[in-house]
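Source file run_12.txt; content: compact mmCIF, C-alpha atoms and all ligand atoms.
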# COMPACT_ATOMS: atom_id res chain seq x y z
CA MET T 10 0.00 0.00 0.00
CA GLN T 11 1.17 3.50 -0.61
CA ALA T 12 0.19 6.89 0.61
CA LEU T 13 1.51 9.85 -1.30
CA LEU T 14 1.84 13.19 0.37
CA HIS T 15 0.40 16.19 -1.42
CA PRO T 16 0.97 19.61 0.01
CA SER T 17 -2.36 21.36 -0.03
CA SER T 18 -2.27 24.72 1.64
CA ASN T 19 -1.15 23.94 5.20
CA ASN T 20 -2.29 20.41 4.90
CA LEU T 21 -1.08 17.17 3.58
CA LYS T 22 -3.72 15.24 1.81
CA ILE T 23 -4.17 11.50 1.70
CA SER T 24 -3.75 10.26 -1.79
CA HIS T 25 -3.56 6.56 -2.60
CA VAL T 26 -3.94 4.62 0.58
CA LEU T 27 -3.89 1.14 -0.77
CA THR T 28 -1.58 -0.53 -3.17
CA ARG T 29 -2.21 -3.97 -4.49
CA VAL T 30 0.90 -6.03 -3.92
CA ALA T 31 -0.33 -9.10 -5.72
CA PRO T 32 -3.79 -10.15 -6.70
CA THR T 33 -4.38 -11.53 -3.23
CA ARG T 34 -2.07 -9.41 -1.12
CA PHE T 35 -2.13 -5.88 0.20
CA ALA T 36 0.35 -3.86 2.19
CA VAL T 37 0.72 -0.39 3.64
CA VAL T 38 3.93 1.51 3.23
CA LYS T 39 3.16 4.75 4.98
CA CYS T 40 0.77 7.60 4.89
CA ALA T 41 0.32 10.86 6.64
CA TYR T 42 -2.02 13.75 6.56
CA ARG T 43 -2.20 17.22 8.03
CA SER T 44 1.33 18.36 8.43
CA ASP T 45 0.56 19.84 11.83
CA ALA T 46 -0.81 16.53 13.03
CA VAL T 47 2.11 14.45 11.90
CA HIS T 48 5.26 14.50 13.95
CA PHE T 49 7.37 12.16 11.91
CA HIS T 50 7.47 10.99 8.36
CA ASN T 51 9.78 8.06 8.12
CA GLY T 52 9.50 6.51 11.54
CA ILE T 53 6.70 5.06 13.55
CA GLY T 54 5.59 6.80 16.71
CA THR T 55 4.85 5.06 19.90
CA SER T 56 1.36 6.31 20.72
CA ARG T 57 -1.82 5.12 19.16
CA ALA T 58 -2.30 8.58 17.68
CA ASP T 59 1.09 8.35 16.06
CA TRP T 60 0.24 5.00 14.68
CA GLN T 61 -2.98 6.26 13.24
CA SER T 62 -1.21 9.31 11.80
CA SER T 63 1.48 7.34 10.11
CA CYS T 64 -0.48 4.28 9.16
CA ALA T 65 2.85 2.57 8.95
CA ILE T 66 2.18 -0.49 10.97
CA LEU T 67 1.36 -2.84 8.19
CA ALA T 68 4.68 -2.14 6.55
CA SER T 69 5.53 -3.42 3.14
CA ASN T 70 6.60 -6.83 4.33
CA VAL T 71 3.31 -7.42 6.07
CA VAL T 72 0.97 -8.92 3.60
CA SER T 73 -2.32 -10.49 4.20
CA GLN T 74 -4.42 -12.93 2.33
CA GLN T 75 -7.24 -11.63 0.23
CA PRO T 76 -9.10 -9.57 2.80
CA GLN T 77 -12.24 -11.24 3.98
CA PRO T 78 -15.20 -9.05 4.73
CA PRO T 79 -15.63 -8.77 8.48
CA PRO T 80 -18.76 -10.41 9.87
CA ASP T 81 -21.76 -8.13 9.58
CA LYS T 82 -22.35 -6.99 13.13
CA SER T 83 -25.34 -4.83 12.46
CA GLY T 84 -27.04 -6.75 15.22
CA THR T 85 -30.25 -5.94 13.47
CA ALA T 86 -32.13 -8.80 11.98
CA ASP T 87 -29.12 -10.87 11.10
CA HIS T 88 -31.23 -12.90 8.74
CA VAL T 89 -31.78 -9.89 6.53
CA ALA T 90 -28.47 -8.14 6.95
CA SER T 91 -26.49 -10.86 5.27
CA VAL T 92 -24.72 -10.13 2.04
CA ASN T 93 -25.25 -12.41 -0.88
CA GLY T 94 -22.34 -12.58 -3.19
CA HIS T 95 -20.82 -9.29 -2.07
CA LYS T 96 -17.06 -9.12 -2.28
CA THR T 97 -14.86 -6.60 -0.59
CA ASN T 98 -11.85 -4.94 -2.17
CA VAL T 99 -11.57 -7.37 -5.03
CA ASP T 100 -12.42 -4.79 -7.63
CA LEU T 101 -10.59 -1.83 -6.24
CA ASP T 102 -8.53 0.19 -8.66
CA LEU T 103 -5.39 -0.23 -6.70
CA VAL T 104 -1.93 0.86 -7.67
CA PRO T 105 0.17 -2.02 -9.03
CA ILE T 106 3.30 -3.20 -7.28
CA GLU T 107 5.65 -1.72 -9.91
CA LYS T 108 4.35 1.72 -9.04
CA LEU T 109 4.68 0.92 -5.37
CA SER T 110 8.41 0.40 -5.59
CA SER T 111 9.09 3.30 -7.94
CA SER T 112 6.90 5.83 -6.16
CA SER T 113 8.05 4.89 -2.70
CA SER T 114 11.64 5.45 -3.66
CA ALA T 115 10.72 8.72 -5.33
CA ASP T 116 8.96 9.83 -2.16
CA ASP T 117 11.65 8.75 0.17
CA LYS T 118 14.57 10.96 -0.65
CA SER T 119 16.83 9.60 2.11
CA SER T 120 18.88 6.55 1.25
CA SER T 121 18.55 4.90 4.70
CA PRO T 122 16.14 1.99 4.77
CA PRO T 123 12.85 2.57 6.56
CA PRO T 124 12.81 1.40 10.18
CA PRO T 125 11.20 -1.97 10.82
CA PRO T 126 7.54 -1.90 11.71
CA ARG T 127 6.52 -1.74 15.33
CA ALA T 128 4.32 -4.54 16.56
CA LEU T 129 0.68 -3.72 17.16
CA THR T 130 -0.23 -3.35 20.81
CA ILE T 131 -3.59 -3.66 22.49
CA THR T 132 -3.77 0.16 22.62
CA ASP T 133 -3.59 0.30 18.85
CA LEU T 134 -6.62 -1.91 18.65
CA SER T 135 -8.77 -0.06 21.16
CA PRO T 136 -12.00 1.38 19.78
CA ALA T 137 -11.88 4.64 17.88
CA PRO T 138 -12.85 7.76 19.83
CA MET T 139 -16.54 8.32 20.10
CA HIS T 140 -18.42 11.30 18.65
CA GLY T 141 -16.68 14.58 19.34
CA SER T 142 -13.12 15.43 20.13
CA GLN T 143 -10.37 14.24 17.89
CA LEU T 144 -12.57 12.04 15.82
CA ARG T 145 -10.81 11.81 12.48
CA VAL T 146 -13.17 12.27 9.59
CA ALA T 147 -12.04 11.61 6.02
CA TYR T 148 -13.63 13.61 3.21
CA GLN T 149 -13.01 14.00 -0.50
CA GLY T 150 -11.53 17.33 -1.49
CA VAL T 151 -9.30 19.98 0.03
CA PRO T 152 -10.01 22.42 2.87
CA GLY T 153 -12.90 24.69 1.95
CA ALA T 154 -14.84 21.88 0.21
CA TYR T 155 -18.47 21.39 1.18
CA SER T 156 -17.62 17.87 2.29
CA GLU T 157 -15.29 19.39 4.88
CA ALA T 158 -18.17 21.57 6.10
CA ALA T 159 -20.38 18.48 6.26
CA ALA T 160 -17.74 16.72 8.38
CA GLY T 161 -17.77 19.71 10.74
CA LYS T 162 -21.56 19.71 10.91
CA ALA T 163 -21.66 16.00 11.66
CA TYR T 164 -18.81 15.99 14.17
CA PRO T 165 -18.17 19.54 15.38
CA LYS T 166 -14.82 18.91 17.08
CA CYS T 167 -13.45 16.48 14.53
CA GLU T 168 -10.17 16.58 12.70
CA ALA T 169 -11.18 16.67 9.04
CA ILE T 170 -8.81 14.72 6.79
CA PRO T 171 -8.71 15.67 3.09
CA CYS T 172 -8.54 12.80 0.59
CA ASP T 173 -8.09 13.11 -3.15
CA GLN T 174 -10.79 10.60 -4.08
CA PHE T 175 -13.94 9.17 -2.52
CA GLU T 176 -12.38 5.72 -2.73
CA VAL T 177 -9.48 6.92 -0.60
CA ALA T 178 -11.84 8.24 2.07
CA PHE T 179 -13.38 4.76 2.32
CA GLN T 180 -9.96 3.15 2.53
CA ALA T 181 -8.81 5.62 5.18
CA VAL T 182 -11.57 4.34 7.45
CA GLU T 183 -11.02 0.70 6.55
CA LEU T 184 -7.34 1.07 7.44
CA TRP T 185 -8.07 2.91 10.71
CA ILE T 186 -6.38 6.07 9.48
CA ALA T 187 -9.71 7.78 9.98
CA ASP T 188 -12.63 6.97 12.27
CA ARG T 189 -15.35 8.12 9.90
CA ALA T 190 -15.82 9.14 6.28
CA VAL T 191 -18.32 11.72 5.07
CA LEU T 192 -19.77 11.12 1.64
CA PRO T 193 -22.17 13.21 -0.49
CA LEU T 194 -24.97 11.03 -1.85
CA GLU T 195 -27.47 13.38 -3.40
CA ASN T 196 -28.19 17.01 -4.08
CA SER T 197 -31.56 18.70 -4.34
CA LEU T 198 -30.67 20.22 -7.73
CA GLY T 199 -28.05 17.92 -9.23
CA GLY T 200 -29.56 14.61 -8.09
CA SER T 201 -27.77 11.46 -7.03
CA ILE T 202 -24.01 11.08 -6.92
CA HIS T 203 -23.99 7.68 -8.54
CA ARG T 204 -20.35 6.88 -8.00
CA ASN T 205 -20.89 6.98 -4.27
CA TYR T 206 -23.81 4.57 -4.42
CA ASP T 207 -21.51 2.15 -6.22
CA LEU T 208 -18.76 2.65 -3.65
CA LEU T 209 -21.14 1.95 -0.77
CA LEU T 210 -21.66 -1.49 -2.22
CA ARG T 211 -18.04 -2.21 -3.01
CA HIS T 212 -16.91 -1.43 0.52
CA ARG T 213 -18.09 -2.83 3.83
CA LEU T 214 -18.52 0.39 5.81
CA HIS T 215 -21.79 1.14 7.59
CA ILE T 216 -23.87 4.28 7.35
CA VAL T 217 -24.05 5.69 10.88
CA GLY T 218 -25.64 9.09 10.26
CA GLU T 219 -26.65 11.72 7.76
CA VAL T 220 -26.35 15.49 7.47
CA GLN T 221 -28.06 17.80 5.06
CA LEU T 222 -25.92 20.79 4.20
CA PRO T 223 -27.29 23.93 2.54
CA VAL T 224 -24.87 24.65 -0.30
CA HIS T 225 -24.25 28.30 -1.13
CA HIS T 226 -22.03 28.69 -4.17
CA CYS T 227 -19.92 31.73 -5.03
CA LEU T 228 -18.13 32.70 -8.24
CA LEU T 229 -14.51 33.33 -7.29
CA ALA T 230 -11.59 34.86 -9.17
CA LEU T 231 -8.19 36.37 -8.49
CA PRO T 232 -8.26 39.83 -6.89
CA GLY T 233 -8.87 42.52 -9.51
CA VAL T 234 -10.32 40.15 -12.10
CA ARG T 235 -13.76 41.14 -13.43
CA LYS T 236 -16.46 38.80 -14.68
CA GLU T 237 -15.97 40.00 -18.25
CA TYR T 238 -12.34 38.78 -18.21
CA LEU T 239 -13.34 35.18 -17.58
CA ASN T 240 -13.42 32.67 -20.42
CA ARG T 241 -13.53 29.54 -18.24
CA VAL T 242 -15.25 28.46 -15.03
CA ILE T 243 -14.05 25.37 -13.20
CA SER T 244 -15.61 23.39 -10.37
CA HIS T 245 -16.90 20.03 -9.22
CA PRO T 246 -19.37 18.65 -11.81
CA GLN T 247 -22.21 18.77 -9.25
CA ALA T 248 -21.48 22.43 -8.50
CA LEU T 249 -21.39 23.27 -12.23
CA ALA T 250 -24.74 21.51 -12.65
CA GLN T 251 -26.22 23.35 -9.66
CA CYS T 252 -25.25 26.75 -11.13
CA GLU T 253 -25.85 26.05 -14.81
CA LEU T 254 -28.79 28.41 -15.35
CA THR T 255 -27.32 31.21 -13.25
CA LEU T 256 -24.03 31.13 -15.15
CA THR T 257 -26.00 31.62 -18.36
CA LYS T 258 -28.15 34.38 -16.81
CA LEU T 259 -25.03 36.23 -15.71
CA GLY T 260 -24.16 36.51 -19.39
CA LEU T 261 -20.79 34.90 -18.94
CA ASN T 262 -19.20 33.67 -22.12
CA VAL T 263 -17.31 30.85 -20.47
CA THR T 264 -16.54 27.20 -20.98
CA ARG T 265 -17.25 24.95 -18.02
CA GLU T 266 -14.63 22.50 -16.84
CA ALA T 267 -14.99 19.81 -14.21
CA VAL T 268 -12.39 19.27 -11.52
CA ASP T 269 -12.29 17.03 -8.44
CA ASP T 270 -13.84 19.41 -5.92
CA THR T 271 -15.00 22.98 -5.53
CA ALA T 272 -12.28 24.14 -3.17
CA GLY T 273 -9.67 22.39 -5.32
CA ALA T 274 -10.89 24.58 -8.20
CA ALA T 275 -10.32 27.70 -6.12
CA GLU T 276 -6.90 26.48 -5.06
CA PHE T 277 -6.01 25.76 -8.70
CA VAL T 278 -6.97 29.25 -9.89
CA ALA T 279 -4.93 30.81 -7.09
CA ALA T 280 -1.92 28.53 -7.39
CA ASN T 281 -1.65 29.06 -11.16
CA ASN T 282 -2.48 32.76 -11.09
CA LEU T 283 -5.20 32.21 -13.71
CA ARG T 284 -6.73 35.58 -14.56
CA ASP T 285 -9.08 34.16 -17.19
CA THR T 286 -10.55 31.43 -14.99
CA GLY T 287 -13.22 31.59 -12.31
CA ALA T 288 -14.04 28.91 -9.75
CA ILE T 289 -17.36 27.95 -8.22
CA ALA T 290 -16.76 27.26 -4.55
CA SER T 291 -17.63 28.33 -1.02
CA ALA T 292 -16.92 31.68 0.62
CA ARG T 293 -14.55 29.82 2.94
CA ALA T 294 -12.57 28.61 -0.10
CA ALA T 295 -12.27 32.27 -1.24
CA ASP T 296 -10.82 33.11 2.18
CA LEU T 297 -8.46 30.16 2.28
CA TYR T 298 -7.00 30.66 -1.19
CA GLY T 299 -7.04 34.46 -1.38
CA LEU T 300 -9.69 34.83 -4.08
CA GLU T 301 -12.40 37.47 -4.42
CA ILE T 302 -16.11 36.76 -4.51
CA LEU T 303 -17.52 38.11 -7.79
CA GLU T 304 -21.03 36.75 -7.25
CA THR T 305 -22.60 35.06 -4.28
CA GLY T 306 -25.54 32.65 -4.14
CA ILE T 307 -25.16 31.53 -7.75
CA GLN T 308 -26.89 28.14 -7.24
CA ASP T 309 -30.01 27.90 -9.41
CA ASP T 310 -32.27 27.59 -6.36
CA SER T 311 -31.72 29.01 -2.90
CA SER T 312 -32.89 25.72 -1.37
CA ASN T 313 -29.81 23.94 -2.60
CA VAL T 314 -29.05 21.12 -0.19
CA THR T 315 -26.62 18.22 -0.37
CA ARG T 316 -27.24 15.13 1.71
CA PHE T 317 -24.14 13.48 3.12
CA VAL T 318 -23.85 10.20 4.99
CA MET T 319 -21.30 9.34 7.64
CA LEU T 320 -19.60 5.96 7.39
CA ALA T 321 -17.89 3.86 10.04
CA ARG T 322 -16.35 0.44 10.38
CA GLU T 323 -19.05 -0.67 12.81
CA PRO T 324 -22.78 -0.02 12.65
CA ILE T 325 -24.51 1.88 15.42
CA ILE T 326 -27.15 0.22 17.54
CA PRO T 327 -30.51 1.32 16.16
CA ARG T 328 -32.91 3.00 18.57
CA THR T 329 -36.55 3.94 18.71
CA ASP T 330 -36.41 7.10 20.84
CA ARG T 331 -35.79 9.40 17.88
CA PRO T 332 -36.50 9.34 14.14
CA PHE T 333 -34.31 6.85 12.31
CA LYS T 334 -33.76 6.11 8.67
CA THR T 335 -32.57 2.79 7.23
CA SER T 336 -30.77 2.35 3.92
CA ILE T 337 -30.78 -0.95 2.06
CA VAL T 338 -29.69 -2.24 -1.32
CA PHE T 339 -31.17 -5.26 -3.05
CA ALA T 340 -31.31 -7.14 -6.35
CA HIS T 341 -33.67 -9.78 -7.65
CA ASP T 342 -33.54 -12.43 -10.32
CA LYS T 343 -36.91 -11.82 -11.86
CA GLY T 344 -36.47 -8.38 -13.30
CA THR T 345 -38.29 -5.27 -12.22
CA SER T 346 -41.63 -7.09 -11.82
CA VAL T 347 -40.63 -7.88 -8.25
CA LEU T 348 -40.12 -4.24 -7.40
CA PHE T 349 -43.80 -3.66 -6.69
CA LYS T 350 -43.88 -6.56 -4.22
CA VAL T 351 -40.80 -5.30 -2.45
CA LEU T 352 -42.17 -1.81 -2.12
CA SER T 353 -45.51 -3.09 -0.88
CA ALA T 354 -43.71 -4.70 2.09
CA PHE T 355 -43.08 -1.15 3.28
CA ALA T 356 -46.39 0.35 2.17
CA PHE T 357 -48.46 -2.23 4.10
CA ARG T 358 -46.60 -1.33 7.26
CA ASN T 359 -46.94 2.40 6.78
CA ILE T 360 -43.23 2.83 6.37
CA SER T 361 -42.42 5.83 4.18
CA LEU T 362 -39.72 5.58 1.60
CA THR T 363 -37.58 8.67 1.21
CA LYS T 364 -35.49 7.59 -1.74
CA ILE T 365 -35.18 4.94 -4.44
CA GLU T 366 -32.17 4.76 -6.69
CA SER T 367 -31.35 2.13 -9.28
CA ARG T 368 -27.87 1.31 -10.50
CA PRO T 369 -26.66 -1.19 -13.09
CA HIS T 370 -26.03 -4.64 -11.66
CA ARG T 371 -22.39 -4.89 -12.63
CA ASN T 372 -22.05 -8.63 -12.00
CA ARG T 373 -25.10 -9.35 -14.16
CA PRO T 374 -25.73 -6.30 -16.36
CA ILE T 375 -27.96 -7.96 -18.99
CA ARG T 376 -30.74 -10.56 -18.80
CA LEU T 377 -31.88 -12.32 -21.97
CA VAL T 378 -35.64 -12.33 -21.84
CA SER T 379 -36.60 -14.19 -24.99
CA ASP T 380 -34.76 -15.52 -27.96
CA SER T 381 -37.20 -15.79 -30.84
CA ASN T 382 -37.23 -15.50 -34.61
CA GLU T 383 -37.65 -11.77 -34.21
CA GLY T 384 -34.41 -11.45 -32.24
CA THR T 385 -33.21 -11.47 -28.66
CA ALA T 386 -34.89 -9.32 -26.04
CA LYS T 387 -32.43 -8.06 -23.45
CA HIS T 388 -33.28 -6.33 -20.20
CA PHE T 389 -30.84 -4.38 -18.10
CA GLU T 390 -30.40 -5.69 -14.56
CA TYR T 391 -30.45 -3.28 -11.64
CA LEU T 392 -29.54 -2.95 -8.03
CA PHE T 393 -32.05 -0.90 -6.05
CA TYR T 394 -31.10 1.38 -3.20
CA VAL T 395 -33.96 2.28 -0.89
CA ASP T 396 -34.06 4.58 2.14
CA PHE T 397 -37.02 4.23 4.48
CA GLU T 398 -38.13 6.06 7.57
CA ALA T 399 -37.89 3.46 10.32
CA SER T 400 -35.30 2.07 12.67
CA MET T 401 -34.12 -1.53 12.45
CA ALA T 402 -34.99 -1.70 16.15
CA GLU T 403 -38.67 -1.55 15.14
CA VAL T 404 -40.47 -4.82 14.61
CA ARG T 405 -42.32 -3.45 11.57
CA ALA T 406 -38.97 -2.70 9.88
CA GLN T 407 -37.62 -6.15 10.72
CA ASN T 408 -40.78 -7.77 9.34
CA ALA T 409 -40.67 -5.65 6.22
CA LEU T 410 -37.10 -6.70 5.52
CA ALA T 411 -37.87 -10.35 6.24
CA GLU T 412 -40.56 -10.10 3.56
CA VAL T 413 -38.29 -8.23 1.16
CA GLN T 414 -35.75 -10.99 1.54
CA GLU T 415 -38.26 -13.49 0.21
CA PHE T 416 -38.43 -11.64 -3.09
CA THR T 417 -34.79 -10.75 -3.49
CA SER T 418 -31.66 -12.61 -4.45
CA PHE T 419 -29.41 -10.15 -2.64
CA LEU T 420 -30.13 -7.84 0.28
CA ARG T 421 -27.84 -5.74 2.41
CA VAL T 422 -28.61 -3.24 5.15
CA LEU T 423 -26.24 -0.33 4.59
CA GLY T 424 -27.14 1.27 7.90
CA SER T 425 -29.87 2.29 10.32
CA TYR T 426 -29.11 5.76 11.64
CA PRO T 427 -30.64 8.94 13.12
CA MET T 428 -32.29 11.24 10.60
CA ASP T 429 -30.95 14.76 10.28
CA MET T 430 -33.69 16.78 12.00
CA THR T 431 -31.89 20.14 12.17
CA PRO T 432 -34.21 23.09 11.45
CA TRP T 433 -34.50 23.97 7.80
CA SER T 434 -32.62 27.06 6.61
CA PRO T 435 -32.15 27.84 2.92
CA SER T 436 -28.57 28.07 1.79
CA ARG T 437 -26.78 31.26 2.71
CA GLY T 438 -23.14 32.34 2.55
CA ASP T 439 -21.29 32.00 5.83
O1 LIG T 501 -16.57 19.72 -4.19
C1 LIG T 501 -16.98 19.82 -3.03
O2 LIG T 501 -16.81 20.86 -2.37
C2 LIG T 501 -17.68 18.70 -2.44
O3 LIG T 501 -17.73 18.60 -1.24
C3 LIG T 501 -18.37 17.73 -3.34
C4 LIG T 501 -19.82 18.10 -3.62
C5 LIG T 501 -20.54 16.89 -4.32
O4 LIG T 501 -19.94 15.87 -4.54
O5 LIG T 501 -21.72 17.05 -4.60
C6 LIG T 501 -20.53 18.37 -2.38
C7 LIG T 501 -21.50 19.28 -2.27
C8 LIG T 501 -21.93 20.10 -3.42
O6 LIG T 501 -23.11 19.48 -3.87
C9 LIG T 501 -20.95 20.09 -4.52
C10 LIG T 501 -19.93 19.22 -4.55
If you took the structure in this file and wrote it as structure tokens, what would it be?
Amino acid sequence: MQALLHPSSNNLKISHVLTRVAPTRFAVVKCAYRSDAVHFHNGIGTSRADWQSSCAILASNVVSQQPQPPPDKSGTADHVASVNGHKTNVDLDLVPIEKLSSSSSADDKSSSPPPPPRALTITDLSPAPMHGSQLRVAYQGVPGAYSEAAAGKAYPKCEAIPCDQFEVAFQAVELWIADRAVLPLENSLGGSIHRNYDLLLRHRLHIVGEVQLPVHHCLLALPGVRKEYLNRVISHPQALAQCELTLTKLGLNVTREAVDDTAGAAEFVAANNLRDTGAIASARAADLYGLEILETGIQDDSSNVTRFVMLAREPIIPRTDRPFKTSIVFAHDKGTSVLFKVLSAFAFRNISLTKIESRPHRNRPIRLVSDSNEGTAKHFEYLFYVDFEASMAEVRAQNALAEVQEFTSFLRVLGSYPMDMTPWSPSRGD
């Protein structure tokens, strides 16, 4: 495994966390994040915090067998929480071993060999800190990204850890570099973030909470640059989609270009001194990267909200003393005709659904329906993601899922977690 260090403002950002050593083996070389949180780069500290910061314990000579998914400990209706045919990590786009050796030597300028790994102690294996202080929360993007704000909303005293890809944020939690990951799933204007639905299935993390973040976009540029000078606007694809109409209304004659995250766009404009390029990002990103706000509130609707979920290695114990939501994903062999039956399992129990999303069933993308003289009918196969308003601690939810399981060939509970009930406020610039 390999973590590359990327200076990003005052921070170091987690890049590739995992490297595939061989088809069935993985190893960690080292990784580090915020420069101010890391006290060493080549050695291994002695405290648990140091260990978590350096992630160096599973050094390159420590290889494991193909990782087995941990047992599902949702503790909620075990019979329905089982995973049929789900594999962990086998499909990850991991960096091949050749790159591991070349990039680790490129990173490590000193000629001395790295110190041998320290053995894990019981302290290293103690549970991650609970909600609040020093919880390490991985997010995709750089400081100033909305995902960072979502991490702060979910865990006010957390240490937010920037990652360059969503996949890396998942891996950071799986490798105990972070305690939680925060992941955008859907936006009120732009819709679902499909990649993240796919990642939820490919990894074995549990949804332990949700936050809904009002998103207030600004058009940023270098100091002194006027709107008329811009011929390009860059941002995260969701942010570009959320501001599409407003950009046109502003009369800007600009091309739109997608980059990894909104704050990264602002950082890019600043770092490259681009006087012809604007960025769509938050007011905090303008502050952090020394840009000016040319327009504020440029999202096409003031009620622009992104829903994020928080992910952890372990599920939380579902409760009934406050509103809970449960997220599941399922597939069935008999095409979409079963969908009605599945949904009726919730309807008959007065359980409201808040979301349905379908994604291609990658293991079985096509089903041949009939092969006649007229040709071959082919149907696409789907996985369905459903969120419903009930806790897995409620008997009606357990019964509904027991019934769903009868109709489905695959069913997994992604998490049962408290609903975000914070008072509604339309997006505004902070
Ligand atoms: O680019 C960012 O700032 C992000 O946090 C990502 C993201 C997204 O993926 O939807 C989050 C919230 C906004 O909807 C726009 C972008």
Do you have, as a Markdown table, the list of residues of chain T lying at most 6 Å from ligand LIG 501 (chain T), each with its nearest atom pair and that distance in Å to one decimal, counting all atoms listed in the file and ordered by chain then number?
| residue | atom | partner | partner_atom | distance |
| --- | --- | --- | --- | --- |
| T:Ala154 | CA | T:LIG501 | O2 | 3.4 |
| T:Tyr155 | CA | T:LIG501 | O3 | 3.8 |
| T:Ser156 | CA | T:LIG501 | O3 | 3.6 |
| T:Pro193 | CA | T:LIG501 | O4 | 5.3 |
| T:Asn196 | CA | T:LIG501 | O6 | 5.7 |
| T:His245 | CA | T:LIG501 | O1 | 5.1 |
| T:Gln247 | CA | T:LIG501 | O5 | 5.0 |
| T:Ala248 | CA | T:LIG501 | C9 | 4.6 |
| T:Asp270 | CA | T:LIG501 | O1 | 3.2 |
| T:Thr271 | CA | T:LIG501 | O1 | 3.9 |
| T:Ala272 | CA | T:LIG501 | O2 | 5.6 |
| T:Thr315 | CA | T:LIG501 | O6 | 5.1 |
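Take atom CA of Leu392 of chain T and atom CA of Ser197 of chain T: the distance between them is 22.1 Å.
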### Task
Pick out the closest residue to Val191 of chain T from this set: T:Phe389, T:Tyr206, T:Tyr426, T:Phe317. Count only C-alpha atoms.
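Closest to Val191 of chain T, using only C-alpha atoms: T:Phe317.
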**Item:** Minimum-distance residue to Ile186 of chain T, chosen among T:Arg145, T:Pro165, T:Ile307, T:Asn205 (using only C-alpha atoms)
**Value:**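 Under the stated criterion, the closest residue is T:Arg145.
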One residue among T:Val314, T:Val242, T:Ala288, T:Met401 is nearest to Val263 of chain T when using only C-alpha atoms, and that residue is T:Val242
